[in-house]
$ cat start-v7.cif   # mmCIF, C-alpha atoms
data_protein
loop_
_atom_site.label_atom_id
_atom_site.label_comp_id
_atom_site.auth_asym_id
_atom_site.auth_seq_id
_atom_site.Cartn_x
_atom_site.Cartn_y
_atom_site.Cartn_z
CA MET A 14 35.20 -7.90 11.83
CA VAL A 15 32.03 -9.87 11.06
CA ASN A 16 30.94 -10.16 7.44
CA ALA A 17 27.43 -9.15 6.40
CA SER A 18 24.89 -11.88 6.90
CA PRO A 19 23.75 -13.65 3.72
CA LEU A 20 20.16 -13.30 4.96
CA HIS A 21 20.61 -9.57 5.50
CA PRO A 22 23.03 -8.17 2.89
CA PRO A 23 23.82 -4.43 3.10
CA ALA A 24 21.20 -3.56 0.46
CA ALA A 25 18.51 -5.51 2.30
CA ARG A 26 19.44 -3.94 5.61
CA ALA A 27 19.19 -0.47 4.10
CA ARG A 28 15.79 -1.20 2.55
CA LEU A 29 13.56 -3.36 4.69
CA ILE A 30 10.48 -2.50 2.64
CA SER A 31 10.43 -3.30 -1.08
CA PRO A 32 9.18 -0.79 -3.69
CA ALA A 33 6.29 -3.15 -4.53
CA THR A 34 5.16 -3.07 -0.89
CA TRP A 35 5.34 0.72 -0.82
CA ALA A 36 3.30 0.88 -4.04
CA LEU A 37 0.66 -1.49 -2.66
CA LEU A 38 0.43 0.43 0.60
CA LEU A 39 0.18 3.78 -1.17
CA GLY A 40 -2.46 2.53 -3.60
CA ALA A 41 -4.61 1.09 -0.81
CA TRP A 42 -4.51 4.29 1.22
CA VAL A 43 -5.26 6.44 -1.84
CA VAL A 44 -8.46 4.41 -2.39
CA VAL A 45 -9.28 4.82 1.31
CA GLY A 46 -8.87 8.59 0.98
CA LEU A 47 -11.05 8.80 -2.12
CA PHE A 48 -13.90 6.78 -0.60
CA SER A 49 -13.61 8.60 2.73
CA PHE A 50 -14.21 11.96 1.01
CA TYR A 51 -16.46 10.99 -1.91
CA GLY A 52 -17.85 7.54 -1.03
CA ALA A 53 -21.03 8.86 0.60
CA SER A 54 -22.01 10.76 -2.55
CA TRP A 55 -20.87 8.05 -4.96
CA LEU A 56 -22.87 5.34 -3.21
CA ALA A 57 -25.89 7.44 -2.27
CA ALA A 58 -29.32 6.15 -3.31
CA PRO A 59 -30.46 5.66 -5.96
CA LEU A 60 -27.37 3.68 -6.90
CA THR A 61 -26.89 2.95 -10.61
CA PRO A 62 -25.48 -0.33 -12.01
CA GLY A 63 -22.53 1.48 -13.58
CA VAL A 64 -21.44 3.23 -10.41
CA ALA A 65 -22.06 0.11 -8.33
CA GLY A 66 -20.06 -2.08 -10.72
CA LEU A 67 -17.11 0.32 -10.89
CA SER A 68 -17.10 0.85 -7.13
CA PHE A 69 -17.25 -2.90 -6.52
CA ALA A 70 -14.33 -3.50 -8.90
CA VAL A 71 -12.16 -0.86 -7.21
CA LEU A 72 -13.08 -1.94 -3.69
CA LEU A 73 -12.64 -5.64 -4.48
CA ALA A 74 -9.25 -5.08 -6.15
CA THR A 75 -8.03 -2.96 -3.24
CA ILE A 76 -9.24 -5.33 -0.52
CA VAL A 77 -7.87 -8.43 -2.27
CA ALA A 78 -4.52 -6.71 -2.96
CA ALA A 79 -4.30 -5.58 0.67
CA SER A 80 -5.19 -9.12 1.78
CA PHE A 81 -2.32 -10.49 -0.29
CA GLY A 82 -0.12 -7.86 1.35
CA VAL A 83 -1.25 -9.11 4.76
CA VAL A 84 -0.42 -12.68 3.74
CA HIS A 85 3.01 -11.60 2.47
CA GLU A 86 3.90 -9.88 5.73
CA ALA A 87 2.46 -12.68 7.86
CA ASP A 88 4.34 -15.24 5.76
CA TYR A 89 7.57 -13.34 6.41
CA LEU A 90 6.85 -13.37 10.14
CA ALA A 91 6.07 -17.10 9.90
CA HIS A 92 9.57 -17.82 8.63
CA LYS A 93 11.09 -15.53 11.25
CA LEU A 94 9.19 -16.84 14.25
CA GLY A 95 8.74 -20.48 13.24
CA GLU A 96 5.67 -22.67 13.74
CA PRO A 97 3.05 -22.50 15.04
CA TYR A 98 3.49 -18.76 15.68
CA GLY A 99 3.83 -17.78 12.03
CA THR A 100 0.75 -19.62 10.84
CA LEU A 101 -1.18 -18.32 13.83
CA ILE A 102 -0.31 -14.73 12.93
CA LEU A 103 -1.46 -15.31 9.34
CA THR A 104 -4.70 -17.00 10.40
CA LEU A 105 -5.61 -14.38 13.01
CA SER A 106 -4.86 -11.57 10.55
CA ILE A 107 -7.08 -13.03 7.83
CA VAL A 108 -9.91 -13.96 10.19
CA SER A 109 -9.80 -10.48 11.74
CA ILE A 110 -10.42 -9.09 8.26
CA GLU A 111 -13.41 -11.39 7.86
CA VAL A 112 -14.86 -10.33 11.21
CA ILE A 113 -14.44 -6.68 10.22
CA LEU A 114 -16.25 -7.17 6.90
CA ILE A 115 -19.07 -9.10 8.58
CA ALA A 116 -19.45 -6.34 11.17
CA SER A 117 -19.53 -3.76 8.36
CA VAL A 118 -22.39 -5.60 6.64
CA LEU A 119 -24.25 -6.17 9.92
CA LEU A 120 -23.99 -2.47 10.82
CA GLY A 121 -24.64 -1.33 7.25
CA PRO A 122 -27.77 0.43 5.98
CA GLY A 123 -29.55 -2.80 5.06
CA GLU A 124 -30.76 -5.58 7.32
CA ALA A 125 -28.53 -8.67 7.23
CA PRO A 126 -29.43 -10.79 10.28
CA THR A 127 -27.97 -13.99 8.77
CA ILE A 128 -24.62 -12.59 7.56
CA GLY A 129 -22.65 -14.07 10.49
CA ARG A 130 -24.21 -17.51 10.09
CA ASP A 131 -23.87 -17.48 6.30
CA SER A 132 -20.23 -16.37 6.42
CA ILE A 133 -19.23 -18.96 9.03
CA PHE A 134 -20.92 -21.76 7.10
CA ALA A 135 -19.40 -20.58 3.81
CA VAL A 136 -15.92 -20.62 5.38
CA LEU A 137 -16.62 -24.14 6.65
CA MET A 138 -17.44 -25.45 3.18
CA ILE A 139 -14.77 -23.46 1.33
CA ILE A 140 -11.85 -24.09 3.67
CA LEU A 141 -12.58 -27.62 4.88
CA ASN A 142 -13.78 -28.98 1.53
CA LEU A 143 -12.63 -26.87 -1.43
CA VAL A 144 -9.22 -25.72 -0.18
CA MET A 145 -8.44 -28.84 1.85
CA GLY A 146 -9.51 -31.00 -1.09
CA ILE A 147 -7.16 -29.11 -3.41
CA CYS A 148 -4.30 -29.39 -0.89
CA LEU A 149 -4.77 -33.15 -0.52
CA THR A 150 -5.03 -33.65 -4.29
CA VAL A 151 -2.09 -31.53 -5.46
CA GLY A 152 0.08 -32.64 -2.53
CA ALA A 153 -0.50 -36.29 -3.38
CA ALA A 154 0.14 -35.63 -7.07
CA ARG A 155 3.59 -34.22 -6.32
CA HIS A 156 4.69 -36.10 -3.19
CA GLY A 157 2.36 -39.07 -2.79
CA GLU A 158 1.00 -39.72 0.69
CA GLN A 159 2.02 -36.90 3.04
CA GLU A 160 2.61 -36.84 6.78
CA PHE A 161 1.07 -34.46 9.29
CA ASN A 162 0.72 -34.17 13.06
CA ALA A 163 -2.32 -36.33 13.80
CA GLN A 164 -2.71 -35.04 17.37
CA GLY A 165 -2.94 -31.44 16.20
CA ALA A 166 -5.46 -32.30 13.48
CA THR A 167 -7.60 -34.10 16.08
CA ALA A 168 -7.49 -31.07 18.39
CA TYR A 169 -8.61 -28.79 15.56
CA LEU A 170 -11.45 -31.10 14.53
CA SER A 171 -12.66 -31.43 18.13
CA MET A 172 -12.88 -27.64 18.41
CA ILE A 173 -14.64 -27.44 15.03
CA ALA A 174 -17.25 -30.03 16.04
CA LEU A 175 -17.95 -28.37 19.40
CA LEU A 176 -17.95 -24.70 18.39
CA THR A 177 -19.91 -25.19 15.17
CA THR A 178 -22.56 -27.31 16.86
CA VAL A 179 -23.04 -24.74 19.62
CA ALA A 180 -22.97 -21.71 17.28
CA LEU A 181 -24.93 -22.95 14.25
CA VAL A 182 -26.92 -26.07 15.19
CA LEU A 183 -27.99 -25.40 18.79
CA PRO A 184 -29.91 -22.16 17.95
CA LYS A 185 -32.37 -24.26 15.91
CA PHE A 186 -33.62 -25.75 19.18
CA THR A 187 -33.75 -22.67 21.41
CA SER A 188 -37.01 -21.02 22.52
CA THR A 189 -36.60 -18.45 19.74
CA ALA A 190 -35.89 -20.77 16.83
CA GLY A 191 -32.75 -19.75 14.95
CA GLU A 192 -31.70 -17.11 17.46
CA PHE A 193 -30.15 -16.83 20.90
CA GLY A 194 -32.00 -14.87 23.56
CA PRO A 195 -30.08 -11.95 25.18
CA GLU A 196 -28.88 -14.02 28.14
CA GLN A 197 -28.06 -16.97 25.88
CA ALA A 198 -26.16 -14.73 23.45
CA MET A 199 -24.11 -13.23 26.26
CA GLY A 200 -23.29 -16.63 27.75
CA ILE A 201 -22.48 -18.34 24.42
CA GLY A 202 -20.38 -15.38 23.26
CA VAL A 203 -18.31 -15.29 26.45
CA LEU A 204 -17.87 -19.08 26.60
CA THR A 205 -16.82 -19.24 22.94
CA ALA A 206 -14.28 -16.47 23.43
CA LEU A 207 -12.87 -18.07 26.59
CA LEU A 208 -12.59 -21.53 25.02
CA TYR A 209 -10.90 -20.12 21.93
CA ALA A 210 -8.48 -18.10 24.09
CA ALA A 211 -7.64 -21.25 26.08
CA PHE A 212 -7.05 -23.13 22.84
CA LEU A 213 -4.66 -20.43 21.58
CA TRP A 214 -2.86 -20.37 24.94
CA LYS A 215 -2.21 -24.09 24.76
CA GLN A 216 -1.35 -23.94 21.06
CA ILE A 217 1.53 -21.53 21.64
CA GLY A 218 2.42 -22.97 25.03
CA SER A 219 2.47 -26.47 26.47
CA HIS A 220 0.75 -28.05 23.41
CA LYS A 221 2.88 -26.36 20.75
CA ARG A 222 4.35 -29.69 19.70
CA LEU A 223 0.92 -30.81 18.44
CA PHE A 224 0.96 -28.22 15.67
CA VAL A 225 4.40 -28.65 14.11
CA GLN A 226 5.49 -30.95 11.32
CA PRO A 227 6.57 -34.34 12.77
CA PRO A 228 9.87 -35.98 11.82
CA PRO A 229 9.89 -38.10 8.62
CA GLY A 230 8.15 -41.42 9.18
CA ALA A 231 6.21 -40.21 12.24
CA MET A 232 2.72 -38.81 12.80
CA VAL A 233 3.37 -37.19 16.19
CA VAL A 234 6.00 -35.05 17.89
CA ARG A 235 7.15 -36.53 21.19
CA ARG A 236 7.09 -34.38 24.31
CA MET A 237 10.86 -34.28 24.68
CA GLU A 238 11.54 -33.28 21.10
CA ARG A 239 12.49 -29.68 20.49
CA THR A 240 9.80 -27.88 18.48
CA SER A 241 11.17 -24.37 18.33
CA ARG A 242 13.28 -23.29 15.41
CA ALA A 243 16.96 -23.45 16.30
CA PRO A 244 18.95 -20.35 15.33
CA THR A 245 21.17 -20.79 12.29
CA GLU A 246 24.89 -20.02 12.33
CA THR A 247 24.13 -16.84 10.43
CA GLU A 248 21.64 -15.68 13.04
CA LYS A 249 24.24 -16.22 15.73
CA ALA A 250 26.52 -13.71 14.05
CA GLU A 251 27.08 -10.33 15.67
CA GLY A 252 24.18 -7.95 15.10
CA SER A 253 21.92 -10.50 13.44
CA VAL A 254 19.63 -10.89 16.48
CA GLN A 255 19.05 -7.14 16.70
CA GLN A 256 18.44 -6.94 12.95
CA SER A 257 16.01 -9.85 13.16
CA ARG A 258 14.04 -8.12 15.92
CA LYS A 259 13.93 -4.94 13.88
CA ASP A 260 12.64 -6.89 10.87
CA VAL A 261 9.87 -8.44 12.98
CA TRP A 262 8.72 -5.06 14.28
CA VAL A 263 8.82 -3.42 10.84
CA HIS A 264 6.87 -6.20 9.16
CA SER A 265 4.38 -6.35 12.04
CA LEU A 266 3.64 -2.65 11.54
CA LEU A 267 3.34 -3.23 7.79
CA LEU A 268 0.85 -6.01 8.45
CA LEU A 269 -1.30 -3.63 10.51
CA ALA A 270 -0.96 -0.93 7.85
CA MET A 271 -2.35 -3.41 5.29
CA ILE A 272 -5.27 -4.42 7.51
CA VAL A 273 -6.51 -0.90 8.31
CA PRO A 274 -7.51 -0.02 4.69
CA ILE A 275 -9.63 -3.19 4.59
CA VAL A 276 -11.32 -2.07 7.80
CA LEU A 277 -12.05 1.39 6.42
CA LEU A 278 -13.33 0.11 3.06
CA GLY A 279 -15.51 -2.64 4.52
CA HIS A 280 -18.58 -0.40 4.98
CA HIS A 281 -18.51 0.77 1.35
CA LEU A 282 -18.17 -2.82 0.12
CA ALA A 283 -21.19 -3.80 2.25
CA VAL A 284 -23.32 -1.14 0.53
CA VAL A 285 -22.34 -2.36 -2.93
CA LEU A 286 -22.85 -6.03 -2.01
CA ASP A 287 -26.35 -5.33 -0.69
CA TYR A 288 -27.23 -3.53 -3.92
CA GLY A 289 -25.73 -6.22 -6.18
CA ILE A 290 -27.40 -9.16 -4.45
CA ALA A 291 -30.78 -7.41 -4.43
CA ALA A 292 -30.47 -6.38 -8.09
CA ALA A 293 -29.44 -9.88 -9.19
CA GLY A 294 -32.09 -11.58 -7.10
CA ALA A 295 -29.41 -13.90 -5.70
CA PRO A 296 -29.86 -15.84 -2.45
CA VAL A 297 -28.97 -13.83 0.67
CA ALA A 298 -26.38 -16.48 1.60
CA VAL A 299 -24.31 -15.44 -1.44
CA SER A 300 -23.07 -12.40 0.51
CA GLY A 301 -21.48 -14.69 3.11
CA VAL A 302 -19.87 -16.79 0.38
CA LEU A 303 -18.47 -13.69 -1.32
CA ILE A 304 -16.97 -12.41 1.94
CA ALA A 305 -15.38 -15.82 2.59
CA LEU A 306 -13.96 -15.98 -0.95
CA ILE A 307 -12.62 -12.42 -0.83
CA VAL A 308 -10.96 -12.82 2.54
CA PHE A 309 -9.62 -16.37 2.37
CA THR A 310 -8.28 -16.49 -1.20
CA PRO A 311 -4.75 -15.34 -0.21
CA GLU A 312 -4.56 -17.75 2.73
CA SER A 313 -5.95 -20.55 0.57
CA LEU A 314 -3.20 -20.04 -2.00
CA THR A 315 -0.65 -20.13 0.83
CA ALA A 316 -2.08 -23.46 2.03
CA VAL A 317 -1.91 -24.93 -1.49
CA ARG A 318 1.70 -23.80 -1.83
CA ALA A 319 2.48 -25.44 1.51
CA ALA A 320 0.98 -28.74 0.30
CA LEU A 321 3.00 -28.51 -2.92
CA GLY A 322 6.12 -27.88 -0.82
CA ASN A 323 5.45 -31.06 1.22
CA GLU A 324 4.52 -29.01 4.30
CA MET A 325 1.18 -30.68 4.93
CA GLN A 326 1.13 -29.71 8.60
CA ARG A 327 1.28 -26.05 7.63
CA ALA A 328 -1.61 -26.60 5.22
CA VAL A 329 -3.55 -28.30 8.04
CA ASN A 330 -2.77 -25.43 10.42
CA LEU A 331 -3.92 -22.89 7.85
CA CYS A 332 -7.14 -24.67 6.85
CA LEU A 333 -8.38 -26.21 10.09
CA GLY A 334 -6.92 -23.40 12.18
CA ALA A 335 -8.62 -20.80 9.97
CA PHE A 336 -12.04 -22.23 10.63
CA VAL A 337 -11.46 -22.62 14.37
CA SER A 338 -10.43 -18.95 14.45
CA THR A 339 -13.42 -18.00 12.30
CA VAL A 340 -15.89 -19.48 14.78
CA GLY A 341 -13.89 -18.41 17.84
CA LEU A 342 -13.76 -14.76 16.76
CA THR A 343 -16.86 -14.28 14.61
CA VAL A 344 -19.45 -15.74 16.99
CA PRO A 345 -18.56 -13.49 19.98
CA ALA A 346 -18.24 -10.44 17.68
CA VAL A 347 -21.58 -10.97 15.92
CA LEU A 348 -23.45 -11.73 19.14
CA ALA A 349 -21.91 -8.68 20.82
CA ILE A 350 -22.97 -6.43 17.92
CA GLY A 351 -26.48 -7.83 18.16
CA LEU A 352 -26.67 -7.05 21.87
CA LEU A 353 -25.03 -3.62 21.74
CA TYR A 354 -26.83 -2.28 18.66
CA ASP A 355 -30.10 -4.16 19.09
CA LYS A 356 -29.59 -5.98 15.77
CA GLN A 357 -31.35 -9.21 14.94
CA VAL A 358 -28.79 -12.02 14.66
CA VAL A 359 -29.96 -15.34 13.22
CA MET A 360 -27.42 -18.11 13.83
CA GLY A 361 -29.31 -21.37 13.28
CA ILE A 362 -28.64 -23.12 9.95
CA SER A 363 -31.21 -25.02 7.91
CA HIS A 364 -31.72 -28.79 8.00
CA MET A 365 -29.96 -29.03 4.62
CA ASP A 366 -26.92 -27.11 5.87
CA THR A 367 -26.90 -29.19 9.04
CA ALA A 368 -26.62 -32.32 6.90
CA LEU A 369 -23.73 -30.75 4.96
CA PHE A 370 -22.00 -29.81 8.22
CA VAL A 371 -22.33 -33.35 9.60
CA ALA A 372 -21.00 -34.81 6.34
CA THR A 373 -18.06 -32.38 6.38
CA ALA A 374 -17.21 -33.08 10.02
CA VAL A 375 -17.35 -36.88 9.60
CA LEU A 376 -15.37 -36.79 6.36
CA SER A 377 -12.71 -34.52 7.90
CA MET A 378 -12.35 -36.79 10.93
CA LEU A 379 -11.86 -39.79 8.65
CA THR A 380 -9.40 -37.86 6.49
CA PHE A 381 -7.21 -36.98 9.48
CA ASN A 382 -7.68 -40.14 11.52
CA GLY A 383 -3.97 -40.67 12.05
CA GLN A 384 -3.06 -42.09 8.65
CA ARG A 385 -1.15 -40.26 5.93
CA THR A 386 -3.07 -38.08 3.52
CA SER A 387 -4.74 -39.56 0.47
CA ALA A 388 -5.74 -38.08 -2.89
CA LEU A 389 -8.94 -40.13 -2.70
CA GLN A 390 -10.01 -38.19 0.40
CA GLY A 391 -9.24 -35.00 -1.49
CA TYR A 392 -11.65 -36.00 -4.26
CA MET A 393 -14.36 -36.60 -1.67
CA HIS A 394 -13.89 -33.16 -0.12
CA LEU A 395 -14.08 -31.53 -3.56
CA ALA A 396 -17.24 -33.48 -4.39
CA LEU A 397 -18.87 -32.34 -1.15
CA PHE A 398 -18.06 -28.73 -1.96
CA ALA A 399 -19.62 -29.19 -5.41
CA VAL A 400 -22.82 -30.39 -3.71
CA PHE A 401 -22.79 -27.24 -1.53
CA ALA A 402 -22.32 -25.01 -4.58
CA VAL A 403 -25.27 -26.60 -6.39
CA LEU A 404 -27.56 -26.39 -3.35
CA LEU A 405 -26.59 -22.75 -2.76
CA PHE A 406 -28.41 -21.69 -5.94
CA PHE A 407 -30.86 -24.61 -6.23
CA PRO A 408 -31.86 -25.50 -2.64
#

$ encode --input "start-v7.cif" --output "structure tokens"
Amino acid sequence: MVNASPLHPPAARARLISPATWALLLGAWVVVGLFSFYGASWLAAPLTPGVAGLSFAVLLATIVAASFGVVHEADYLAHKLGEPYGTLILTLSIVSIEVILIASVLLGPGEAPTIGRDSIFAVLMIILNLVMGICLTVGAARHGEQEFNAQGATAYLSMIALLTTVALVLPKFTSTAGEFGPEQAMGIGVLTALLYAAFLWKQIGSHKRLFVQPPPGAMVVRRMERTSRAPTETEKAEGSVQQSRKDVWVHSLLLLAMIVPIVLLGHHLAVVLDYGIAAAGAPVAVSGVLIALIVFTPESLTAVRAALGNEMQRAVNLCLGAFVSTVGLTVPAVLAIGLLYDKQVVMGISHMDTALFVATAVLSMLTFNGQRTSALQGYMHLALFAVFAVLLFFP
């Protein structure tokens, strides 16, 4: 007779879903139900500051809580499936939420032609400078210089340089300044999607070794080294494989159940954001920054925890991979919405933002140039984000 696995004791096997997860799921769907039935009347014009503020608080709390639930389930799958699959699931889940919120704003009652551009650029500055700067700083404070897979970081940065230049810089020089024409939008959208799909295919296939933590003292993983997670003795026990598969399916369904409320509440949040930004007289780009902050806070905290746990490669996968996924998924989605719904989509960034993008790209390439991480580089990334924050309100 085989004893119960330490990873799956009888109590855990009987209850795959914790009470806290059930409570979070129930709360999110209750809010969805309330706004589905009463949201149209609550948020009907003329909207008052009190109703808008209360609605924003409820929607924000629900979406952020559901996002943390998504991160929790994706993090569980990360440990079950190993790298880079786990991190990829987390990144794709979070970025899908961002794409959904951007689409909700773009298709909302107000006109928001720059929401895609503003959100992508905000993610660039937040993830590559603020979050990456924090990871480098706190990781160095606890562990000193940290190792990562230099080949994987280079692959990410190459994709970032190419996709961002095509999506955000190139439109400044097209015949319709700042925008892609219909044929251009169709071609750029398809090419971006195909390139991103090819990148994912290689990332989980023949190039998987580029995105896993290298052995101590190394900055690369050799081709012959095994990169998949070897099963533990416990997992080899009778019944553990079947239980593990069941866990993966259950938590995958939970992940989807956490994402759907965010999808359904995105339209209502877009209405409140439009009202709040107009009432405050804030720059239009603030809406993109708010979406990026709302969506990527849970993943950012996961990246910081990875750096503190001396898992710098996971932090790199989360940060750099998040932005590659942001461009790879958002650009085709936004351009497709513009074509299908005849919406104006402005993608070209300003000269000031172009300078910030170039500075970020060069600094990131120097940060991950094959050497170990440095706290000094972290300070530089944080300083560059501070410059972005100042220029956002005082251009």

$ closest_residue --input "start-v7.cif" --among "A:Glu312, A:Asp131, A:Glu111, A:Asp260" --to "A:Ala346" --atoms "only C-alpha atoms"
A:Glu111

$ closest_residue --input "start-v7.cif" --among "A:Val371, A:Phe50, A:Gly121, A:Gly191" --to "A:Tyr288" --atoms "all atoms listed in the file"
A:Gly121

$ residues_around --input "start-v7.cif" --residues "A:Pro195" --least-positions-apart "5" --cutoff "9 Å" --atoms "all atoms listed in the file" --output "PyMOL selection string"
chain A and resi 200+348+351-352

$ resolve_selection --input "start-v7.cif" --expression "the PyMOL selection byres ((chain A and resi 398-404) around 10)" --output "PyMOL selection string"
chain A and resi 135+137-144+146+302+365-366+369+373+392-397+405-408

$ closest_residue --input "start-v7.cif" --among "A:Gly152, A:Gly279, A:Gly52, A:Gly202" --to "A:Leu73" --atoms "all atoms listed in the file"
A:Gly279

$ closest_residue --input "start-v7.cif" --among "A:Gly289, A:Pro59, A:Gly383, A:Pro274" --to "A:Leu38" --atoms "all atoms listed in the file"
A:Pro274

$ atom_distance --input "start-v7.cif" --atom1 "atom CA of A:Thr187" --atom2 "atom CA of A:Ile350"
19.8 Å

$ resolve_selection --input "start-v7.cif" --expression "the PyMOL selection byres ((chain A and resi 333-335) around 9)" --output "PyMOL selection string"
chain A and resi 100-101+104-105+107-108+136+140-141+145+166+169-170+173+309+312+328-332+336-340

$ closest_residue --input "start-v7.cif" --among "A:Val84, A:Ala319, A:Leu306, A:Ile275" --to "A:Leu72" --atoms "all atoms listed in the file"
A:Ile275

$ atom_distance --input "start-v7.cif" --atom1 "atom CA of A:Ala293" --atom2 "atom CA of A:Ser109"
28.7 Å

$ atom_distance --input "start-v7.cif" --atom1 "atom CA of A:His156" --atom2 "atom CA of A:Gly322"
8.7 Å

$ closest_residue --input "start-v7.cif" --among "A:Pro345, A:Pro126, A:Pro311, A:Pro296" --to "A:Gln197" --atoms "only C-alpha atoms"
A:Pro345

$ resolve_selection --input "start-v7.cif" --expression "the PyMOL selection byres ((chain A and resi 74) around 12)" --output "PyMOL selection string"
chain A and resi 37+40-41+44+67-73+75-81+275+278+282+307-308

$ residues_around --input "start-v7.cif" --residues "A:Ile217" --least-positions-apart "4" --cutoff "10 Å" --atoms "all atoms listed in the file" --output "list in words"
Glu96, Pro97, Tyr98, Leu101, Phe212, Leu213, Lys221, Arg222, Leu223 and Phe224 of chain A
